Number of protein chains: 2
Amino acid sequence: MTVAGEDTARRELLRYVERFALVLREAGMAPMPARVLAYALADDADRYTAADLAEGLQVSPAAISGAVRQLVQWGLLAREREPGTRSDLYVLDDQDLWSRFIGAELSTLDRFIETVAAGIDVVGLDRPGGRRLAETRNFLAFLREQLADAVRRWPAERDRRATDR
Amino acid sequence: MTVAGEDTARRELLRYVERFALVLREAGMAPMPARVLAYALADDADRYTAADLAEGLQVSPAAISGAVRQLVQWGLLAREREPGTRSDLYVLDDQDLWSRFIGAELSTLDRFIETVAAGIDVVGLDRPGGRRLAETRNFLAFLREQLADAVRRWPAERDRRATDR
DNA sequence: CAGAACCTTCACATATTTGTGAAGTGTGTT
DNA sequence: AACACACTTCACAAATATGTGAAGGTTCTG
């Protein structure tokens, strides 16, 4: 492949990264974390330095700094440090990545459920609003169970699907 | 209860609505739709005119207009019109509300899955990034199945839980 | 121990989002 | 037909979020 071809593929990758990031943003993620996650997923390396990410995405190191902090906190990236080197390495744990992602969503869901439960106390179960909130809490609790269950079953399910074909 | 007591309860309700709306916003909802949904859920009426919502939330009718449009589009509010009256009524369908909510999430998830699948074509299955995207698509597809299943089972599950106690 | 490389923090300019008031549109009433 | 009411659309001001460059730490190298 020529150098020009490499550049074209690169530009195409970046265009795709923006597209992917847009979907993540619509799901509530901030722009820069979305870009970094999309880029780290779609590009070929399985570990990136902050400089890799900054250069690859054509953004400043400062922007990377904030983005990876979020992603690490959510468990989507792991920060590693090779002994005898000066740069952090950000690693995509592709085995557990999406289980972690949903794990983070479960925490959000927990806050959600707590907040709804608090509302039941504020409004009171004797009023229509309170009964609606109670129903909401029950549904969300059920959903949480089901989600947690699905995440738990995924590794086995993946293996099953892989051997099936 | 005195008039002053009513006012206090009202203020407390509004404070709670803001708190609830904040959680919805963190989940990606815009502020005004979040407030309207929280208010409609927690207050006692089961149908509201736009004027009710504007006055109840202390915001302009213009803000309500945009918010209810979103909520109606997502299926969280139904717009009704009593014959012989000039105002639209917004109704919370509390039976199906959260099934609808998740239904909307499923659409988001579908776009997500499509976008990831498109990325596999861009990157190619012969590269690590492509394989990660494929794995992502598989997980999301599985998750989608499980979510749809959970939503489908909720009505029966709710009845079962209600009769159990 | 000085220097360099890397990352983070901070202040700021820019872009985006938000909600308002005012004007506009449509519908039913008198 | 004219009016009144309810809702929507639009332009704008304020608030918020975003990403950059520069300055500041920290950790490894020579």
# chains A, B, ... in the order shown; residues from 1 in each chain; ligands from 1
call {"tool": "interface_residues", "arguments": {"of": "chain D", "to": "chain A", "cutoff": "7 Å", "atoms": "only C-alpha atoms (C1' of nucleotides)", "output": "MDAnalysis selection string"}}
result
chainID D and resid 19:20 27:28
call {"tool": "write_last_selection", "arguments": {"atoms": "N, CA, C and O atoms (P, O5', C5', C4', C3', O3' and C1' of nucleotides)", "output": "PDB file, in the first residue's frame"}}
result
ATOM      1  P    DG D  19     -14.291  18.655  23.128  1.00  0.00           P
ATOM      2  O5'  DG D  19     -12.951  19.493  22.911  1.00  0.00           O
ATOM      3  C5'  DG D  19     -12.884  20.355  21.788  1.00  0.00           C
ATOM      4  C4'  DG D  19     -11.706  21.288  21.929  1.00  0.00           C
ATOM      5  C3'  DG D  19     -10.348  20.595  22.130  1.00  0.00           C
ATOM      6  O3'  DG D  19      -9.415  21.216  21.261  1.00  0.00           O
ATOM      7  C1'  DG D  19     -10.679  22.215  23.810  1.00  0.00           C
ATOM      8  P    DT D  20      -7.921  20.645  21.078  1.00  0.00           P
ATOM      9  O5'  DT D  20      -7.048  21.966  21.215  1.00  0.00           O
ATOM     10  C5'  DT D  20      -7.517  23.162  20.604  1.00  0.00           C
ATOM     11  C4'  DT D  20      -6.847  24.360  21.240  1.00  0.00           C
ATOM     12  C3'  DT D  20      -5.342  24.169  21.458  1.00  0.00           C
ATOM     13  O3'  DT D  20      -4.635  25.125  20.693  1.00  0.00           O
ATOM     14  C1'  DT D  20      -6.420  24.963  23.450  1.00  0.00           C
ATOM     15  P    DT D  27       6.535  11.246  41.155  1.00  0.00           P
ATOM     16  O5'  DT D  27       7.256  10.403  40.004  1.00  0.00           O
ATOM     17  C5'  DT D  27       6.588  10.214  38.758  1.00  0.00           C
ATOM     18  C4'  DT D  27       7.597   9.850  37.682  1.00  0.00           C
ATOM     19  C3'  DT D  27       8.755   8.993  38.177  1.00  0.00           C
ATOM     20  O3'  DT D  27       9.015   7.992  37.213  1.00  0.00           O
ATOM     21  C1'  DT D  27       9.595  10.890  37.100  1.00  0.00           C
ATOM     22  P    DC D  28       9.736   6.653  37.618  1.00  0.00           P
ATOM     23  O5'  DC D  28      10.989   6.633  36.611  1.00  0.00           O
ATOM     24  C5'  DC D  28      10.768   6.241  35.266  1.00  0.00           C
ATOM     25  C4'  DC D  28      11.680   7.039  34.354  1.00  0.00           C
ATOM     26  C3'  DC D  28      13.095   6.469  34.217  1.00  0.00           C
ATOM     27  O3'  DC D  28      13.337   6.217  32.841  1.00  0.00           O
ATOM     28  C1'  DC D  28      13.141   8.825  34.553  1.00  0.00           C
TER      29       DC D  28
END
call {"tool": "closest_atom_pairs", "arguments": {"of": "chain A", "to": "chain B", "cutoff": "6 Å", "atoms": "only C-alpha atoms", "output": "CSV"}}
result
residue,atom,partner,partner_atom,distance
A:Gly28,CA,B:Gly28,CA,4.3
A:Leu41,CA,B:Gly129,CA,5.8
A:Ala42,CA,B:Gly129,CA,4.2
A:Asp43,CA,B:Gly129,CA,4.9
A:Asp44,CA,B:Gly129,CA,4.7
A:Pro128,CA,B:Asp44,CA,5.1
A:Gly129,CA,B:Ala42,CA,4.2
call {"tool": "interface_residues", "arguments": {"of": "chain C", "to": "chain A", "cutoff": "9 Å", "atoms": "only C-alpha atoms (C1' of nucleotides)", "output": "JSON, numbers by chain"}}
result
{"C": [5, 6, 7, 8, 9]}
call {"tool": "write_last_selection", "arguments": {"atoms": "N, CA and C atoms (P, O5', C5', C4', C3', O3' and C1' of nucleotides)", "output": "PDB file, in the first residue's frame"}}
result
ATOM      1  P    DA C   5      13.496  15.276  25.114  1.00  0.00           P
ATOM      2  O5'  DA C   5      12.304  14.341  25.586  1.00  0.00           O
ATOM      3  C5'  DA C   5      12.606  13.054  26.145  1.00  0.00           C
ATOM      4  C4'  DA C   5      11.435  12.617  27.006  1.00  0.00           C
ATOM      5  C3'  DA C   5      10.071  12.815  26.333  1.00  0.00           C
ATOM      6  O3'  DA C   5       9.390  11.574  26.384  1.00  0.00           O
ATOM      7  C1'  DA C   5      10.068  13.744  28.511  1.00  0.00           C
ATOM      8  P    DC C   6       8.057  11.392  25.532  1.00  0.00           P
ATOM      9  O5'  DC C   6       6.927  11.511  26.646  1.00  0.00           O
ATOM     10  C5'  DC C   6       7.031  10.688  27.803  1.00  0.00           C
ATOM     11  C4'  DC C   6       6.126  11.232  28.874  1.00  0.00           C
ATOM     12  C3'  DC C   6       4.693  11.503  28.404  1.00  0.00           C
ATOM     13  O3'  DC C   6       3.863  10.523  29.008  1.00  0.00           O
ATOM     14  C1'  DC C   6       5.520  13.197  29.877  1.00  0.00           C
ATOM     15  P    DC C   7       2.333  10.435  28.523  1.00  0.00           P
ATOM     16  O5'  DC C   7       1.613  11.311  29.635  1.00  0.00           O
ATOM     17  C5'  DC C   7       1.724  10.903  31.000  1.00  0.00           C
ATOM     18  C4'  DC C   7       1.328  12.044  31.904  1.00  0.00           C
ATOM     19  C3'  DC C   7      -0.129  12.504  31.753  1.00  0.00           C
ATOM     20  O3'  DC C   7      -0.827  12.123  32.931  1.00  0.00           O
ATOM     21  C1'  DC C   7       1.402  14.342  31.960  1.00  0.00           C
ATOM     22  P    DT C   8      -2.411  12.486  33.052  1.00  0.00           P
ATOM     23  O5'  DT C   8      -2.385  13.897  33.778  1.00  0.00           O
ATOM     24  C5'  DT C   8      -1.719  14.016  35.031  1.00  0.00           C
ATOM     25  C4'  DT C   8      -1.783  15.450  35.509  1.00  0.00           C
ATOM     26  C3'  DT C   8      -3.195  16.035  35.566  1.00  0.00           C
ATOM     27  O3'  DT C   8      -3.407  16.479  36.894  1.00  0.00           O
ATOM     28  C1'  DT C   8      -1.712  17.517  34.446  1.00  0.00           C
ATOM     29  P    DT C   9      -4.868  16.994  37.322  1.00  0.00           P
ATOM     30  O5'  DT C   9      -4.692  18.578  37.354  1.00  0.00           O
ATOM     31  C5'  DT C   9      -3.533  19.125  37.959  1.00  0.00           C
ATOM     32  C4'  DT C   9      -3.472  20.620  37.706  1.00  0.00           C
ATOM     33  C3'  DT C   9      -4.817  21.350  37.793  1.00  0.00           C
ATOM     34  O3'  DT C   9      -4.622  22.497  38.605  1.00  0.00           O
ATOM     35  C1'  DT C   9      -3.752  21.857  35.749  1.00  0.00           C
TER      36       DT C   9
END
call {"tool": "residues_around", "arguments": {"residues": "DA13 of chain D", "least_positions_apart": "6", "cutoff": "12 Å", "atoms": "only C-alpha atoms (C1' of nucleotides)", "output": "compact mmCIF listing (two decimals) with N, CA and C atoms (P, O5', C5', C4', C3', O3' and C1' of nucleotides), in the first residue's frame"}}
result
# COMPACT_ATOMS: atom_id res chain seq x y z
P DT C 18 -29.42 21.60 25.96
O5' DT C 18 -30.04 22.90 26.63
C5' DT C 18 -29.34 23.50 27.71
C4' DT C 18 -30.05 24.75 28.18
C3' DT C 18 -31.58 24.66 28.15
O3' DT C 18 -32.04 24.84 29.46
C1' DT C 18 -30.80 26.69 27.15
P DG C 19 -33.56 24.55 29.86
O5' DG C 19 -34.24 25.98 29.76
C5' DG C 19 -33.89 26.97 30.72
C4' DG C 19 -34.43 28.32 30.30
C3' DG C 19 -35.95 28.37 30.16
O3' DG C 19 -36.41 29.53 30.82
C1' DG C 19 -34.93 29.18 28.19
P DT C 20 -37.97 29.83 30.98
O5' DT C 20 -38.04 31.34 30.47
C5' DT C 20 -37.00 32.25 30.83
C4' DT C 20 -37.01 33.43 29.89
C3' DT C 20 -38.40 34.00 29.62
O3' DT C 20 -38.47 35.33 30.09
C1' DT C 20 -37.21 33.64 27.58
P DG C 21 -39.94 35.97 30.27
O5' DG C 21 -40.07 36.88 28.96
C5' DG C 21 -39.10 37.89 28.72
C4' DG C 21 -39.32 38.47 27.34
C3' DG C 21 -40.75 38.98 27.09
O3' DG C 21 -40.64 40.18 26.32
C1' DG C 21 -40.22 37.28 25.51
call {"tool": "select_by_dssp", "arguments": {"residues": "segment 52-114 of chain A", "states": "strand (DSSP E or B)", "output": "list in words"}}
result
Leu77, Ala78, Arg79, Glu80, Arg81, Asp88, Leu89, Tyr90, Val91 and Leu92 of chain A
call {"tool": "atom_distance", "arguments": {"atom1": "atom CA of Glu18 of chain A", "atom2": "atom CA of Gln58 of chain A"}}
result
12.0 Å
call {"tool": "residues_around", "arguments": {"residues": "DA17 of chain D", "least_positions_apart": "6", "cutoff": "10 Å", "atoms": "only C-alpha atoms (C1' of nucleotides)", "output": "list in words"}}
result
Ala30 of chain A; DA15, DT16 and DT17 of chain C
call {"tool": "select_by_dssp", "arguments": {"residues": "chain A", "states": "helix (DSSP H, G or I)", "output": "JSON, numbers by chain"}}
result
{"A": [3, 4, 5, 6, 7, 8, 9, 10, 11, 12, 13, 14, 15, 16, 17, 18, 19, 20, 21, 22, 23, 24, 25, 26, 31, 32, 33, 34, 35, 36, 37, 38, 39, 40, 41, 42, 50, 51, 52, 53, 54, 55, 56, 57, 61, 62, 63, 64, 65, 66, 67, 68, 69, 70, 71, 72, 73, 97, 98, 99, 100, 101, 102, 103, 104, 105, 106, 107, 108, 109, 110, 111, 112, 113, 114, 115, 116, 117, 118, 119, 120, 121, 122, 123, 128, 129, 130, 131, 132, 133, 134, 135, 136, 137, 138, 139, 140, 141, 142, 143, 144, 145, 146, 147, 148, 149, 150, 151, 152, 153, 154, 155, 156, 157, 158, 159, 160, 161, 162, 163, 164]}
call {"tool": "atom_distance", "arguments": {"atom1": "atom CA of Tyr90 of chain B", "atom2": "atom CA of Gly75 of chain B"}}
result
11.2 Å
call {"tool": "residues_around", "arguments": {"residues": "DC3 of chain D", "least_positions_apart": "4", "cutoff": "12 Å", "atoms": "only C-alpha atoms (C1' of nucleotides)", "output": "MDAnalysis selection string"}}
result
chainID C and resid 27:30
call {"tool": "write_last_selection", "arguments": {"atoms": "N, CA, C and O atoms (P, O5', C5', C4', C3', O3' and C1' of nucleotides)", "output": "compact mmCIF listing (two decimals), in the first residue's frame"}}
result
# COMPACT_ATOMS: atom_id res chain seq x y z
P DT C 27 -56.30 24.47 12.40
O5' DT C 27 -57.29 24.40 13.64
C5' DT C 27 -56.75 24.35 14.96
C4' DT C 27 -57.79 24.85 15.94
C3' DT C 27 -59.24 24.66 15.47
O3' DT C 27 -60.01 24.17 16.56
C1' DT C 27 -58.91 26.88 16.12
P DG C 28 -61.35 23.36 16.28
O5' DG C 28 -62.33 23.95 17.38
C5' DG C 28 -61.85 24.09 18.72
C4' DG C 28 -62.42 25.36 19.31
C3' DG C 28 -63.95 25.44 19.31
O3' DG C 28 -64.36 25.91 20.58
C1' DG C 28 -63.06 27.38 18.34
P DT C 29 -65.83 25.81 21.06
O5' DT C 29 -66.23 27.33 21.33
C5' DT C 29 -65.43 28.10 22.24
C4' DT C 29 -65.80 29.56 22.15
C3' DT C 29 -67.30 29.86 22.28
O3' DT C 29 -67.42 30.91 23.23
C1' DT C 29 -66.44 30.92 20.35
P DT C 30 -68.81 31.22 23.90
O5' DT C 30 -69.20 32.64 23.29
C5' DT C 30 -68.22 33.70 23.27
C4' DT C 30 -68.74 34.82 22.39
C3' DT C 30 -70.25 35.04 22.45
O3' DT C 30 -70.52 36.43 22.58
C1' DT C 30 -69.58 34.80 20.22
call {"tool": "residues_around", "arguments": {"residues": "DG26 of chain C", "least_positions_apart": "3", "cutoff": "10 Å", "atoms": "only C-alpha atoms (C1' of nucleotides)", "output": "number ranges by chain"}}
result
D: 6-8
call {"tool": "residues_around", "arguments": {"residues": "DA22 of chain C", "least_positions_apart": "6", "cutoff": "12 Å", "atoms": "only C-alpha atoms (C1' of nucleotides)", "output": "list in words"}}
result
Ala62 of chain B; DT9, DC10, DA11 and DC12 of chain D
call {"tool": "atom_distance", "arguments": {"atom1": "atom C1' of DT14 of chain C", "atom2": "atom C1' of DT18 of chain D"}}
result
8.3 Å
